[in-house]
>>> print(open('structure.cif').read())   # mmCIF, N, CA and C atoms
data_run
#
loop_
_atom_site.label_atom_id
_atom_site.label_comp_id
_atom_site.auth_asym_id
_atom_site.auth_seq_id
_atom_site.Cartn_x
_atom_site.Cartn_y
_atom_site.Cartn_z
N MET A 11 92.37 116.34 129.72
CA MET A 11 92.51 114.92 129.40
C MET A 11 91.18 114.21 129.63
N THR A 12 90.70 113.60 128.63
CA THR A 12 89.41 112.93 128.78
C THR A 12 89.57 111.46 129.12
N THR A 13 90.73 110.91 128.88
CA THR A 13 90.91 109.47 129.07
C THR A 13 91.80 109.21 130.27
N LYS A 14 91.31 108.40 131.20
CA LYS A 14 92.15 107.91 132.30
C LYS A 14 92.49 106.48 131.94
N LEU A 15 93.78 106.19 131.87
CA LEU A 15 94.20 104.87 131.43
C LEU A 15 94.11 103.86 132.57
N ASP A 16 93.59 102.67 132.24
CA ASP A 16 93.67 101.59 133.23
C ASP A 16 95.07 100.96 133.12
N GLU A 17 95.33 99.98 133.96
CA GLU A 17 96.69 99.42 134.02
C GLU A 17 97.14 98.83 132.68
N LYS A 18 96.25 98.09 132.02
CA LYS A 18 96.61 97.48 130.73
C LYS A 18 96.87 98.54 129.67
N GLN A 19 96.03 99.55 129.63
CA GLN A 19 96.20 100.63 128.65
C GLN A 19 97.50 101.39 128.91
N TYR A 20 97.76 101.65 130.20
CA TYR A 20 98.98 102.35 130.57
C TYR A 20 100.19 101.55 130.08
N GLU A 21 100.15 100.24 130.31
CA GLU A 21 101.25 99.35 129.90
C GLU A 21 101.44 99.40 128.38
N LEU A 22 100.34 99.36 127.63
CA LEU A 22 100.40 99.41 126.17
C LEU A 22 101.05 100.72 125.71
N VAL A 23 100.57 101.84 126.24
CA VAL A 23 101.10 103.15 125.84
C VAL A 23 102.57 103.25 126.23
N SER A 24 102.90 102.77 127.41
CA SER A 24 104.28 102.82 127.88
C SER A 24 105.21 102.00 126.98
N GLN A 25 104.80 100.79 126.62
CA GLN A 25 105.60 99.95 125.73
C GLN A 25 105.71 100.57 124.34
N TYR A 26 104.61 101.13 123.87
CA TYR A 26 104.56 101.76 122.55
C TYR A 26 105.58 102.91 122.48
N VAL A 27 105.51 103.81 123.46
CA VAL A 27 106.42 104.95 123.49
C VAL A 27 107.86 104.47 123.63
N GLY A 28 108.08 103.44 124.45
CA GLY A 28 109.42 102.88 124.61
C GLY A 28 109.95 102.30 123.31
N MET A 29 109.05 101.64 122.56
CA MET A 29 109.47 101.04 121.29
C MET A 29 109.89 102.15 120.30
N LEU A 30 109.22 103.29 120.36
CA LEU A 30 109.57 104.39 119.46
C LEU A 30 110.98 104.89 119.76
N ASP A 31 111.33 104.96 121.06
CA ASP A 31 112.69 105.37 121.42
C ASP A 31 113.71 104.37 120.87
N THR A 32 113.39 103.09 120.98
CA THR A 32 114.28 102.04 120.50
C THR A 32 114.45 102.13 118.99
N ILE A 33 113.36 102.37 118.27
CA ILE A 33 113.45 102.49 116.81
C ILE A 33 114.30 103.70 116.43
N GLU A 34 114.12 104.80 117.15
CA GLU A 34 114.91 105.99 116.85
C GLU A 34 116.40 105.70 117.05
N GLU A 35 116.75 105.01 118.14
CA GLU A 35 118.15 104.63 118.37
C GLU A 35 118.63 103.72 117.25
N ALA A 36 117.79 102.79 116.84
CA ALA A 36 118.16 101.85 115.77
C ALA A 36 118.41 102.60 114.46
N LEU A 37 117.56 103.54 114.14
CA LEU A 37 117.76 104.32 112.91
C LEU A 37 119.05 105.12 112.98
N ASN A 38 119.36 105.66 114.16
CA ASN A 38 120.62 106.39 114.33
C ASN A 38 121.80 105.46 114.08
N TYR A 39 121.69 104.23 114.58
CA TYR A 39 122.75 103.24 114.36
C TYR A 39 122.90 102.93 112.87
N VAL A 40 121.76 102.71 112.21
CA VAL A 40 121.79 102.39 110.78
C VAL A 40 122.45 103.54 110.00
N GLU A 41 122.06 104.77 110.34
CA GLU A 41 122.67 105.92 109.66
C GLU A 41 124.17 105.94 109.89
N ALA A 42 124.59 105.71 111.13
CA ALA A 42 126.02 105.72 111.45
C ALA A 42 126.74 104.58 110.73
N SER A 43 126.06 103.46 110.54
CA SER A 43 126.71 102.29 109.93
C SER A 43 127.10 102.54 108.47
N PHE A 44 126.50 103.52 107.85
CA PHE A 44 126.85 103.81 106.45
C PHE A 44 128.26 104.38 106.35
N THR A 45 128.71 105.06 107.41
CA THR A 45 130.04 105.69 107.36
C THR A 45 131.01 105.08 108.36
N ASP A 46 130.50 104.50 109.44
CA ASP A 46 131.37 103.89 110.46
C ASP A 46 131.42 102.38 110.21
N LEU A 47 132.50 101.93 109.62
CA LEU A 47 132.58 100.53 109.21
C LEU A 47 132.66 99.55 110.38
N SER A 48 132.86 100.06 111.59
CA SER A 48 132.85 99.16 112.75
C SER A 48 131.42 98.78 113.13
N LYS A 49 130.46 99.54 112.64
CA LYS A 49 129.05 99.23 112.90
C LYS A 49 128.57 98.29 111.79
N THR A 50 128.80 97.01 111.99
CA THR A 50 128.57 96.03 110.93
C THR A 50 127.16 95.45 110.93
N GLU A 51 126.36 95.82 111.90
CA GLU A 51 125.02 95.23 112.01
C GLU A 51 123.93 96.09 111.38
N GLY A 52 124.31 97.05 110.56
CA GLY A 52 123.34 97.98 110.00
C GLY A 52 122.16 97.31 109.31
N ASP A 53 122.43 96.33 108.45
CA ASP A 53 121.34 95.66 107.73
C ASP A 53 120.44 94.88 108.69
N GLN A 54 121.05 94.21 109.66
CA GLN A 54 120.27 93.46 110.65
C GLN A 54 119.37 94.42 111.45
N VAL A 55 119.95 95.53 111.88
CA VAL A 55 119.19 96.50 112.66
C VAL A 55 118.07 97.09 111.80
N LEU A 56 118.37 97.35 110.53
CA LEU A 56 117.34 97.90 109.65
C LEU A 56 116.18 96.91 109.49
N SER A 57 116.49 95.62 109.39
CA SER A 57 115.39 94.65 109.26
C SER A 57 114.57 94.60 110.55
N GLU A 58 115.21 94.83 111.70
CA GLU A 58 114.47 94.90 112.97
C GLU A 58 113.60 96.15 113.02
N VAL A 59 114.09 97.23 112.43
CA VAL A 59 113.28 98.45 112.34
C VAL A 59 112.01 98.17 111.54
N PHE A 60 112.15 97.43 110.42
CA PHE A 60 110.97 97.09 109.62
C PHE A 60 109.97 96.28 110.43
N MET A 61 110.46 95.32 111.20
CA MET A 61 109.55 94.52 112.02
C MET A 61 108.85 95.40 113.05
N ALA A 62 109.59 96.31 113.65
CA ALA A 62 109.01 97.21 114.64
C ALA A 62 107.97 98.14 114.00
N ILE A 63 108.24 98.59 112.78
CA ILE A 63 107.27 99.44 112.07
C ILE A 63 105.98 98.65 111.85
N GLY A 64 106.12 97.36 111.54
CA GLY A 64 104.94 96.50 111.40
C GLY A 64 104.17 96.40 112.71
N GLN A 65 104.88 96.28 113.82
CA GLN A 65 104.21 96.20 115.13
C GLN A 65 103.48 97.50 115.45
N ILE A 66 104.08 98.61 115.09
CA ILE A 66 103.41 99.89 115.32
C ILE A 66 102.14 99.96 114.49
N SER A 67 102.23 99.53 113.24
CA SER A 67 101.04 99.53 112.37
C SER A 67 99.91 98.70 112.99
N GLU A 68 100.28 97.60 113.65
CA GLU A 68 99.27 96.76 114.29
C GLU A 68 98.74 97.40 115.57
N SER A 69 99.56 98.14 116.27
CA SER A 69 99.15 98.76 117.53
C SER A 69 98.30 100.02 117.33
N ASN A 70 98.53 100.73 116.24
CA ASN A 70 97.84 102.00 116.04
C ASN A 70 96.31 101.90 116.11
N PRO A 71 95.68 100.88 115.50
CA PRO A 71 94.22 100.79 115.62
C PRO A 71 93.75 100.63 117.08
N LEU A 72 94.52 99.91 117.89
CA LEU A 72 94.17 99.77 119.31
C LEU A 72 94.22 101.12 120.00
N LEU A 73 95.26 101.88 119.70
CA LEU A 73 95.39 103.20 120.32
C LEU A 73 94.30 104.15 119.82
N LYS A 74 93.95 104.02 118.55
CA LYS A 74 92.88 104.87 118.01
C LYS A 74 91.56 104.59 118.72
N GLU A 75 91.33 103.32 119.11
CA GLU A 75 90.11 102.99 119.85
C GLU A 75 90.16 103.54 121.27
N MET A 76 91.36 103.53 121.87
CA MET A 76 91.51 103.97 123.26
C MET A 76 91.31 105.47 123.42
N PHE A 77 91.75 106.23 122.45
CA PHE A 77 91.76 107.70 122.58
C PHE A 77 90.84 108.31 121.53
N ASP A 78 89.96 109.19 121.99
CA ASP A 78 89.13 109.87 121.00
C ASP A 78 89.61 111.30 120.75
N GLU A 79 90.70 111.70 121.39
CA GLU A 79 91.21 113.05 121.20
C GLU A 79 91.71 113.23 119.77
N GLU A 80 91.34 114.35 119.18
CA GLU A 80 91.69 114.61 117.79
C GLU A 80 93.20 114.63 117.57
N GLY A 81 93.95 115.22 118.51
CA GLY A 81 95.41 115.31 118.36
C GLY A 81 96.05 113.94 118.27
N ILE A 82 95.60 113.02 119.11
CA ILE A 82 96.16 111.67 119.11
C ILE A 82 95.76 110.95 117.83
N GLN A 83 94.51 111.08 117.44
CA GLN A 83 94.04 110.44 116.21
C GLN A 83 94.89 110.91 115.02
N LYS A 84 95.11 112.23 114.96
CA LYS A 84 95.87 112.81 113.87
C LYS A 84 97.32 112.32 113.89
N ALA A 85 97.91 112.28 115.08
CA ALA A 85 99.30 111.82 115.22
C ALA A 85 99.43 110.37 114.78
N LEU A 86 98.47 109.53 115.18
CA LEU A 86 98.52 108.11 114.81
C LEU A 86 98.37 107.94 113.30
N THR A 87 97.48 108.70 112.71
CA THR A 87 97.27 108.63 111.27
C THR A 87 98.53 109.08 110.53
N GLY A 88 99.29 109.98 111.13
CA GLY A 88 100.52 110.49 110.52
C GLY A 88 101.57 109.41 110.32
N PHE A 89 101.38 108.24 110.96
CA PHE A 89 102.34 107.15 110.80
C PHE A 89 102.40 106.68 109.35
N ASP A 90 101.35 106.92 108.59
CA ASP A 90 101.34 106.55 107.17
C ASP A 90 102.55 107.14 106.44
N THR A 91 102.97 108.34 106.84
CA THR A 91 104.13 108.98 106.24
C THR A 91 105.37 108.12 106.43
N VAL A 92 105.50 107.55 107.64
CA VAL A 92 106.67 106.71 107.94
C VAL A 92 106.62 105.43 107.10
N THR A 93 105.46 104.79 107.04
CA THR A 93 105.38 103.54 106.27
C THR A 93 105.61 103.82 104.78
N ASP A 94 105.13 104.96 104.30
CA ASP A 94 105.38 105.32 102.90
C ASP A 94 106.87 105.41 102.63
N GLN A 95 107.63 106.01 103.57
CA GLN A 95 109.07 106.15 103.39
C GLN A 95 109.76 104.79 103.49
N ALA A 96 109.30 103.95 104.42
CA ALA A 96 109.90 102.62 104.58
C ALA A 96 109.72 101.80 103.31
N TRP A 97 108.56 101.93 102.65
CA TRP A 97 108.30 101.17 101.43
C TRP A 97 109.25 101.55 100.30
N LYS A 98 109.80 102.77 100.36
CA LYS A 98 110.75 103.17 99.31
C LYS A 98 111.97 102.28 99.30
N LEU A 99 112.24 101.61 100.45
CA LEU A 99 113.40 100.73 100.53
C LEU A 99 113.13 99.36 99.91
N ASP A 100 111.88 99.08 99.62
CA ASP A 100 111.52 97.77 99.07
C ASP A 100 112.29 97.52 97.79
N GLY A 101 113.05 96.44 97.77
CA GLY A 101 113.83 96.10 96.59
C GLY A 101 115.14 96.86 96.45
N GLN A 102 115.44 97.74 97.41
CA GLN A 102 116.65 98.57 97.31
C GLN A 102 117.72 98.19 98.33
N LEU A 103 117.49 97.14 99.10
CA LEU A 103 118.40 96.84 100.20
C LEU A 103 119.79 96.40 99.74
N ASP A 104 119.92 95.97 98.49
CA ASP A 104 121.24 95.57 98.00
C ASP A 104 122.03 96.76 97.45
N ASN A 105 121.37 97.88 97.26
CA ASN A 105 122.04 99.07 96.73
C ASN A 105 122.33 100.03 97.89
N ASN A 106 123.57 100.02 98.36
CA ASN A 106 123.92 100.81 99.54
C ASN A 106 123.68 102.30 99.38
N GLU A 107 123.99 102.84 98.19
CA GLU A 107 123.81 104.28 98.00
C GLU A 107 122.35 104.68 98.10
N ILE A 108 121.49 103.94 97.42
CA ILE A 108 120.05 104.25 97.47
C ILE A 108 119.52 104.03 98.88
N LYS A 109 119.94 102.93 99.50
CA LYS A 109 119.50 102.61 100.86
C LYS A 109 119.89 103.75 101.81
N GLN A 110 121.15 104.17 101.73
CA GLN A 110 121.63 105.25 102.60
C GLN A 110 120.83 106.52 102.38
N SER A 111 120.61 106.86 101.12
CA SER A 111 119.86 108.06 100.78
C SER A 111 118.43 108.01 101.34
N ILE A 112 117.76 106.88 101.16
CA ILE A 112 116.37 106.76 101.64
C ILE A 112 116.32 106.82 103.16
N VAL A 113 117.23 106.11 103.83
CA VAL A 113 117.21 106.11 105.30
C VAL A 113 117.50 107.51 105.83
N GLN A 114 118.55 108.15 105.30
CA GLN A 114 118.97 109.44 105.85
C GLN A 114 118.07 110.60 105.45
N GLU A 115 117.55 110.56 104.23
CA GLU A 115 116.79 111.72 103.74
C GLU A 115 115.28 111.55 103.85
N ASN A 116 114.81 110.32 103.97
CA ASN A 116 113.37 110.09 103.99
C ASN A 116 112.89 109.43 105.27
N LEU A 117 113.33 108.18 105.47
CA LEU A 117 112.78 107.38 106.57
C LEU A 117 113.10 107.97 107.94
N SER A 118 114.37 108.26 108.19
CA SER A 118 114.77 108.76 109.50
C SER A 118 114.10 110.10 109.85
N PRO A 119 114.14 111.09 108.95
CA PRO A 119 113.47 112.35 109.27
C PRO A 119 111.95 112.19 109.44
N ALA A 120 111.33 111.35 108.60
CA ALA A 120 109.88 111.14 108.72
C ALA A 120 109.56 110.50 110.06
N PHE A 121 110.36 109.51 110.46
CA PHE A 121 110.12 108.84 111.74
C PHE A 121 110.31 109.82 112.90
N SER A 122 111.38 110.60 112.87
CA SER A 122 111.65 111.54 113.96
C SER A 122 110.53 112.57 114.10
N ALA A 123 110.07 113.09 112.99
CA ALA A 123 108.99 114.09 113.03
C ALA A 123 107.71 113.46 113.57
N TRP A 124 107.41 112.25 113.11
CA TRP A 124 106.21 111.56 113.58
C TRP A 124 106.32 111.24 115.06
N LYS A 125 107.48 110.73 115.49
CA LYS A 125 107.70 110.37 116.89
C LYS A 125 107.51 111.59 117.79
N ALA A 126 108.00 112.75 117.35
CA ALA A 126 107.85 113.97 118.14
C ALA A 126 106.36 114.29 118.36
N SER A 127 105.55 114.10 117.33
CA SER A 127 104.11 114.39 117.47
C SER A 127 103.44 113.38 118.40
N ILE A 128 103.87 112.13 118.34
CA ILE A 128 103.33 111.10 119.23
C ILE A 128 103.74 111.39 120.68
N ASP A 129 105.01 111.73 120.88
CA ASP A 129 105.49 112.04 122.23
C ASP A 129 104.67 113.15 122.87
N ILE A 130 104.39 114.19 122.10
CA ILE A 130 103.60 115.31 122.61
C ILE A 130 102.22 114.83 123.05
N GLU A 131 101.62 113.95 122.25
CA GLU A 131 100.26 113.49 122.54
C GLU A 131 100.19 112.42 123.64
N LEU A 132 101.12 111.48 123.63
CA LEU A 132 100.99 110.32 124.53
C LEU A 132 101.76 110.43 125.84
N LYS A 133 102.91 111.11 125.84
CA LYS A 133 103.71 111.14 127.08
C LYS A 133 102.96 111.72 128.27
N PRO A 134 102.06 112.70 128.08
CA PRO A 134 101.32 113.19 129.26
C PRO A 134 100.53 112.08 129.99
N TYR A 135 100.15 111.05 129.27
CA TYR A 135 99.39 109.97 129.88
C TYR A 135 100.27 109.04 130.72
N LEU A 136 101.57 109.18 130.56
CA LEU A 136 102.49 108.29 131.26
C LEU A 136 103.02 108.88 132.56
N THR A 137 102.60 110.10 132.87
CA THR A 137 103.01 110.69 134.15
C THR A 137 101.86 110.56 135.12
N HIS A 138 102.12 109.91 136.22
CA HIS A 138 101.07 109.74 137.23
C HIS A 138 101.22 110.78 138.31
#
>>> encode(input="structure.cif", output="structure tokens")
Amino acid sequence: MTTKLDEKQYELVSQYVGMLDTIEEALNYVEASFTDLSKTEGDQVLSEVFMAIGQISESNPLLKEMFDEEGIQKALTGFDTVTDQAWKLDGQLDNNEIKQSIVQENLSPAFSAWKASIDIELKPYLTH
């Protein structure tokens, strides 16, 4: 490990990783809402996922400056895959079938795969 995080950096990485867990839970909820009619907040949760994806996009350049390790740089750049999948939903939110297909087959798997690579790279910095 070449980078020792100061308190502010540690806080940023900790919040970032925590937000990824929250987004993953939110995507699981959205997926469940397609078949479980008691989960009525699917669209609201999905819009919150979009806002969170925007926050991640804003945070990634900060993290890229903090870490010069190639693995972290590569993992952060991999977020483009997630945003590409999220954009597929643009204009499709009124069509439940297309929305369900994109979330379940594209966005959710892309996010999970990306999150796994980030966890591998960043979680070691969160253990003191």
>>> closest_residue(input="structure.cif", among="A:Phe89, A:Met76, A:Pro71, A:Val40", to="Gln110 of chain A", atoms="all atoms listed in the file")
A:Val40
>>> residues_near_point(input="structure.cif", point="(98.1, 112.1, 119.0)", cutoff="8 Å", atoms="only C-alpha atoms", output="count of residues only")
13
>>> select_by_dssp(input="structure.cif", residues="chain A", states="helix (DSSP H, G or I)", output="PyMOL selection string")
chain A and resi 17-43+52-76+80-87+89-97+106-136
>>> residues_around(input="structure.cif", residues="segment 50-53 of chain A", least_positions_apart="6", cutoff="8 Å", atoms="only N, CA and C atoms", output="PyMOL selection string")
chain A and resi 39-44+59
>>> closest_residue(input="structure.cif", among="A:Phe60, A:Trp97, A:Tyr135, A:Phe121", to="Tyr20 of chain A", atoms="all atoms listed in the file")
A:Tyr135
>>> residues_near_point(input="structure.cif", point="(103.3, 98.2, 120.7)", cutoff="7 Å", atoms="only C-alpha atoms", output="PDB file with N, CA and C atoms, in the frame of the given file")
ATOM      1  N   LEU A  22     100.340  99.360 127.630  1.00  0.00           N
ATOM      2  CA  LEU A  22     100.400  99.410 126.170  1.00  0.00           C
ATOM      3  C   LEU A  22     101.050 100.720 125.710  1.00  0.00           C
ATOM      4  N   GLN A  25     104.800 100.790 126.620  1.00  0.00           N
ATOM      5  CA  GLN A  25     105.600  99.950 125.730  1.00  0.00           C
ATOM      6  C   GLN A  25     105.710 100.570 124.340  1.00  0.00           C
ATOM      7  N   TYR A  26     104.610 101.130 123.870  1.00  0.00           N
ATOM      8  CA  TYR A  26     104.560 101.760 122.550  1.00  0.00           C
ATOM      9  C   TYR A  26     105.580 102.910 122.480  1.00  0.00           C
ATOM     10  N   MET A  29     109.050 101.640 122.560  1.00  0.00           N
ATOM     11  CA  MET A  29     109.470 101.040 121.290  1.00  0.00           C
ATOM     12  C   MET A  29     109.890 102.150 120.300  1.00  0.00           C
ATOM     13  N   GLN A  65     104.880  96.280 113.820  1.00  0.00           N
ATOM     14  CA  GLN A  65     104.210  96.200 115.130  1.00  0.00           C
ATOM     15  C   GLN A  65     103.480  97.500 115.450  1.00  0.00           C
ATOM     16  N   ILE A  66     104.080  98.610 115.090  1.00  0.00           N
ATOM     17  CA  ILE A  66     103.410  99.890 115.320  1.00  0.00           C
ATOM     18  C   ILE A  66     102.140  99.960 114.490  1.00  0.00           C
ATOM     19  N   SER A  69      99.560  98.140 116.270  1.00  0.00           N
ATOM     20  CA  SER A  69      99.150  98.760 117.530  1.00  0.00           C
ATOM     21  C   SER A  69      98.300 100.020 117.330  1.00  0.00           C
TER      22      SER A  69
END
>>> closest_residue(input="structure.cif", among="A:Gln54, A:Asn116, A:Ser122, A:Thr45", to="Asp94 of chain A", atoms="all atoms listed in the file")
A:Asn116
>>> closest_residue(input="structure.cif", among="A:Val27, A:Ala36, A:Pro119, A:Lys74", to="Ser57 of chain A", atoms="only C-alpha atoms")
A:Ala36
>>> closest_residue(input="structure.cif", among="A:Trp124, A:Thr87, A:Gln102, A:Ala96", to="Asn70 of chain A", atoms="only N, CA and C atoms")
A:Thr87
>>> axis_aligned_box(input="structure.cif", around="segment 22-40 of chain A", padding_each_side="6 Å", output="AutoDock Vina command-line options")
--center_x 111.6 --center_y 102.9 --center_z 118.9 --size_x 34.6 --size_y 19.0 --size_z 29.9
>>> atom_distance(input="structure.cif", atom1="atom CA of Thr93 of chain A", atom2="atom CA of Gly28 of chain A")
18.8 Å
>>> atom_distance(input="structure.cif", atom1="atom C of Leu30 of chain A", atom2="atom N of Leu47 of chain A")
24.0 Å
>>> atom_distance(input="structure.cif", atom1="atom C of Leu37 of chain A", atom2="atom C of Asp100 of chain A")
18.3 Å
>>> residues_around(input="structure.cif", residues="Gln95 of chain A", least_positions_apart="3", cutoff="9 Å", atoms="only C-alpha atoms", output="PDB file with N, CA and C atoms, keeping the file's coordinate frame")
ATOM      1  N   ASP A  90     101.350 106.920 108.590  1.00  0.00           N
ATOM      2  CA  ASP A  90     101.340 106.550 107.170  1.00  0.00           C
ATOM      3  C   ASP A  90     102.550 107.140 106.440  1.00  0.00           C
ATOM      4  N   THR A  91     102.970 108.340 106.840  1.00  0.00           N
ATOM      5  CA  THR A  91     104.130 108.980 106.240  1.00  0.00           C
ATOM      6  C   THR A  91     105.370 108.120 106.430  1.00  0.00           C
ATOM      7  N   VAL A  92     105.500 107.550 107.640  1.00  0.00           N
ATOM      8  CA  VAL A  92     106.670 106.710 107.940  1.00  0.00           C
ATOM      9  C   VAL A  92     106.620 105.430 107.100  1.00  0.00           C
ATOM     10  N   LYS A  98     109.800 102.770 100.360  1.00  0.00           N
ATOM     11  CA  LYS A  98     110.750 103.170  99.310  1.00  0.00           C
ATOM     12  C   LYS A  98     111.970 102.280  99.300  1.00  0.00           C
ATOM     13  N   LEU A  99     112.240 101.610 100.450  1.00  0.00           N
ATOM     14  CA  LEU A  99     113.400 100.730 100.530  1.00  0.00           C
ATOM     15  C   LEU A  99     113.130  99.360  99.910  1.00  0.00           C
ATOM     16  N   ILE A 112     117.760 106.880 101.160  1.00  0.00           N
ATOM     17  CA  ILE A 112     116.370 106.760 101.640  1.00  0.00           C
ATOM     18  C   ILE A 112     116.320 106.820 103.160  1.00  0.00           C
ATOM     19  N   VAL A 113     117.230 106.110 103.830  1.00  0.00           N
ATOM     20  CA  VAL A 113     117.210 106.110 105.300  1.00  0.00           C
ATOM     21  C   VAL A 113     117.500 107.510 105.830  1.00  0.00           C
ATOM     22  N   ASN A 116     114.810 110.320 103.970  1.00  0.00           N
ATOM     23  CA  ASN A 116     113.370 110.090 103.990  1.00  0.00           C
ATOM     24  C   ASN A 116     112.890 109.430 105.270  1.00  0.00           C
ATOM     25  N   LEU A 117     113.330 108.180 105.470  1.00  0.00           N
ATOM     26  CA  LEU A 117     112.780 107.380 106.570  1.00  0.00           C
ATOM     27  C   LEU A 117     113.100 107.970 107.940  1.00  0.00           C
ATOM     28  N   SER A 118     114.370 108.260 108.190  1.00  0.00           N
ATOM     29  CA  SER A 118     114.770 108.760 109.500  1.00  0.00           C
ATOM     30  C   SER A 118     114.100 110.100 109.850  1.00  0.00           C
ATOM     31  N   ALA A 120     111.330 111.350 108.600  1.00  0.00           N
ATOM     32  CA  ALA A 120     109.880 111.140 108.720  1.00  0.00           C
ATOM     33  C   ALA A 120     109.560 110.500 110.060  1.00  0.00           C
ATOM     34  N   PHE A 121     110.360 109.510 110.460  1.00  0.00           N
ATOM     35  CA  PHE A 121     110.120 108.840 111.740  1.00  0.00           C
ATOM     36  C   PHE A 121     110.310 109.820 112.900  1.00  0.00           C
TER      37      PHE A 121
END
>>> decode(input="structure.cif", residues="segment 78-84 of chain A", atoms="all heavy atoms", output="PDB file, in the first residue's frame")
ATOM      1  N   ASP A  78      -2.752   6.542  -6.627  1.00  0.00           N
ATOM      2  CA  ASP A  78      -2.072   6.381  -7.911  1.00  0.00           C
ATOM      3  C   ASP A  78      -1.933   4.901  -8.284  1.00  0.00           C
ATOM      4  O   ASP A  78      -1.358   4.574  -9.309  1.00  0.00           O
ATOM      5  CB  ASP A  78      -0.702   7.081  -7.904  1.00  0.00           C
ATOM      6  CG  ASP A  78       0.175   6.635  -6.742  1.00  0.00           C
ATOM      7  OD1 ASP A  78      -0.224   5.710  -5.999  1.00  0.00           O
ATOM      8  OD2 ASP A  78       1.259   7.216  -6.575  1.00  0.00           O
ATOM      9  N   GLU A  79      -2.464   4.008  -7.459  1.00  0.00           N
ATOM     10  CA  GLU A  79      -2.370   2.583  -7.756  1.00  0.00           C
ATOM     11  C   GLU A  79      -3.170   2.255  -9.010  1.00  0.00           C
ATOM     12  O   GLU A  79      -4.312   2.685  -9.161  1.00  0.00           O
ATOM     13  CB  GLU A  79      -2.910   1.730  -6.584  1.00  0.00           C
ATOM     14  CG  GLU A  79      -2.018   1.720  -5.370  1.00  0.00           C
ATOM     15  CD  GLU A  79      -2.328   2.869  -4.414  1.00  0.00           C
ATOM     16  OE1 GLU A  79      -3.044   3.811  -4.820  1.00  0.00           O
ATOM     17  OE2 GLU A  79      -1.848   2.834  -3.284  1.00  0.00           O
ATOM     18  N   GLU A  80      -2.563   1.460  -9.870  1.00  0.00           N
ATOM     19  CA  GLU A  80      -3.194   1.127 -11.145  1.00  0.00           C
ATOM     20  C   GLU A  80      -4.523   0.398 -10.958  1.00  0.00           C
ATOM     21  O   GLU A  80      -5.502   0.662 -11.658  1.00  0.00           O
ATOM     22  CB  GLU A  80      -2.246   0.260 -11.983  1.00  0.00           C
ATOM     23  CG  GLU A  80      -2.736   0.051 -13.392  1.00  0.00           C
ATOM     24  CD  GLU A  80      -1.808  -0.830 -14.211  1.00  0.00           C
ATOM     25  OE1 GLU A  80      -0.623  -0.936 -13.856  1.00  0.00           O
ATOM     26  OE2 GLU A  80      -2.292  -1.396 -15.196  1.00  0.00           O
ATOM     27  N   GLY A  81      -4.590  -0.511  -9.972  1.00  0.00           N
ATOM     28  CA  GLY A  81      -5.821  -1.275  -9.744  1.00  0.00           C
ATOM     29  C   GLY A  81      -6.990  -0.368  -9.404  1.00  0.00           C
ATOM     30  O   GLY A  81      -8.104  -0.564  -9.889  1.00  0.00           O
ATOM     31  N   ILE A  82      -6.742   0.623  -8.555  1.00  0.00           N
ATOM     32  CA  ILE A  82      -7.809   1.546  -8.161  1.00  0.00           C
ATOM     33  C   ILE A  82      -8.198   2.422  -9.346  1.00  0.00           C
ATOM     34  O   ILE A  82      -9.385   2.631  -9.607  1.00  0.00           O
ATOM     35  CB  ILE A  82      -7.378   2.407  -6.951  1.00  0.00           C
ATOM     36  CG1 ILE A  82      -7.206   1.507  -5.722  1.00  0.00           C
ATOM     37  CG2 ILE A  82      -8.396   3.505  -6.674  1.00  0.00           C
ATOM     38  CD1 ILE A  82      -6.690   2.204  -4.491  1.00  0.00           C
ATOM     39  N   GLN A  83      -7.216   2.914 -10.066  1.00  0.00           N
ATOM     40  CA  GLN A  83      -7.494   3.747 -11.237  1.00  0.00           C
ATOM     41  C   GLN A  83      -8.387   2.977 -12.226  1.00  0.00           C
ATOM     42  O   GLN A  83      -9.367   3.509 -12.739  1.00  0.00           O
ATOM     43  CB  GLN A  83      -6.186   4.158 -11.930  1.00  0.00           C
ATOM     44  CG  GLN A  83      -5.333   5.110 -11.121  1.00  0.00           C
ATOM     45  CD  GLN A  83      -5.885   6.521 -11.108  1.00  0.00           C
ATOM     46  OE1 GLN A  83      -6.527   6.960 -12.045  1.00  0.00           O
ATOM     47  NE2 GLN A  83      -5.631   7.237 -10.024  1.00  0.00           N
ATOM     48  N   LYS A  84      -8.014   1.711 -12.469  1.00  0.00           N
ATOM     49  CA  LYS A  84      -8.752   0.886 -13.409  1.00  0.00           C
ATOM     50  C   LYS A  84     -10.176   0.634 -12.913  1.00  0.00           C
ATOM     51  O   LYS A  84     -11.142   0.723 -13.675  1.00  0.00           O
ATOM     52  CB  LYS A  84      -8.010  -0.447 -13.578  1.00  0.00           C
ATOM     53  CG  LYS A  84      -7.965  -0.955 -14.990  1.00  0.00           C
ATOM     54  CD  LYS A  84      -6.966  -2.073 -15.109  1.00  0.00           C
ATOM     55  CE  LYS A  84      -7.636  -3.284 -15.682  1.00  0.00           C
ATOM     56  NZ  LYS A  84      -6.764  -4.426 -15.833  1.00  0.00           N
TER      57      LYS A  84
END
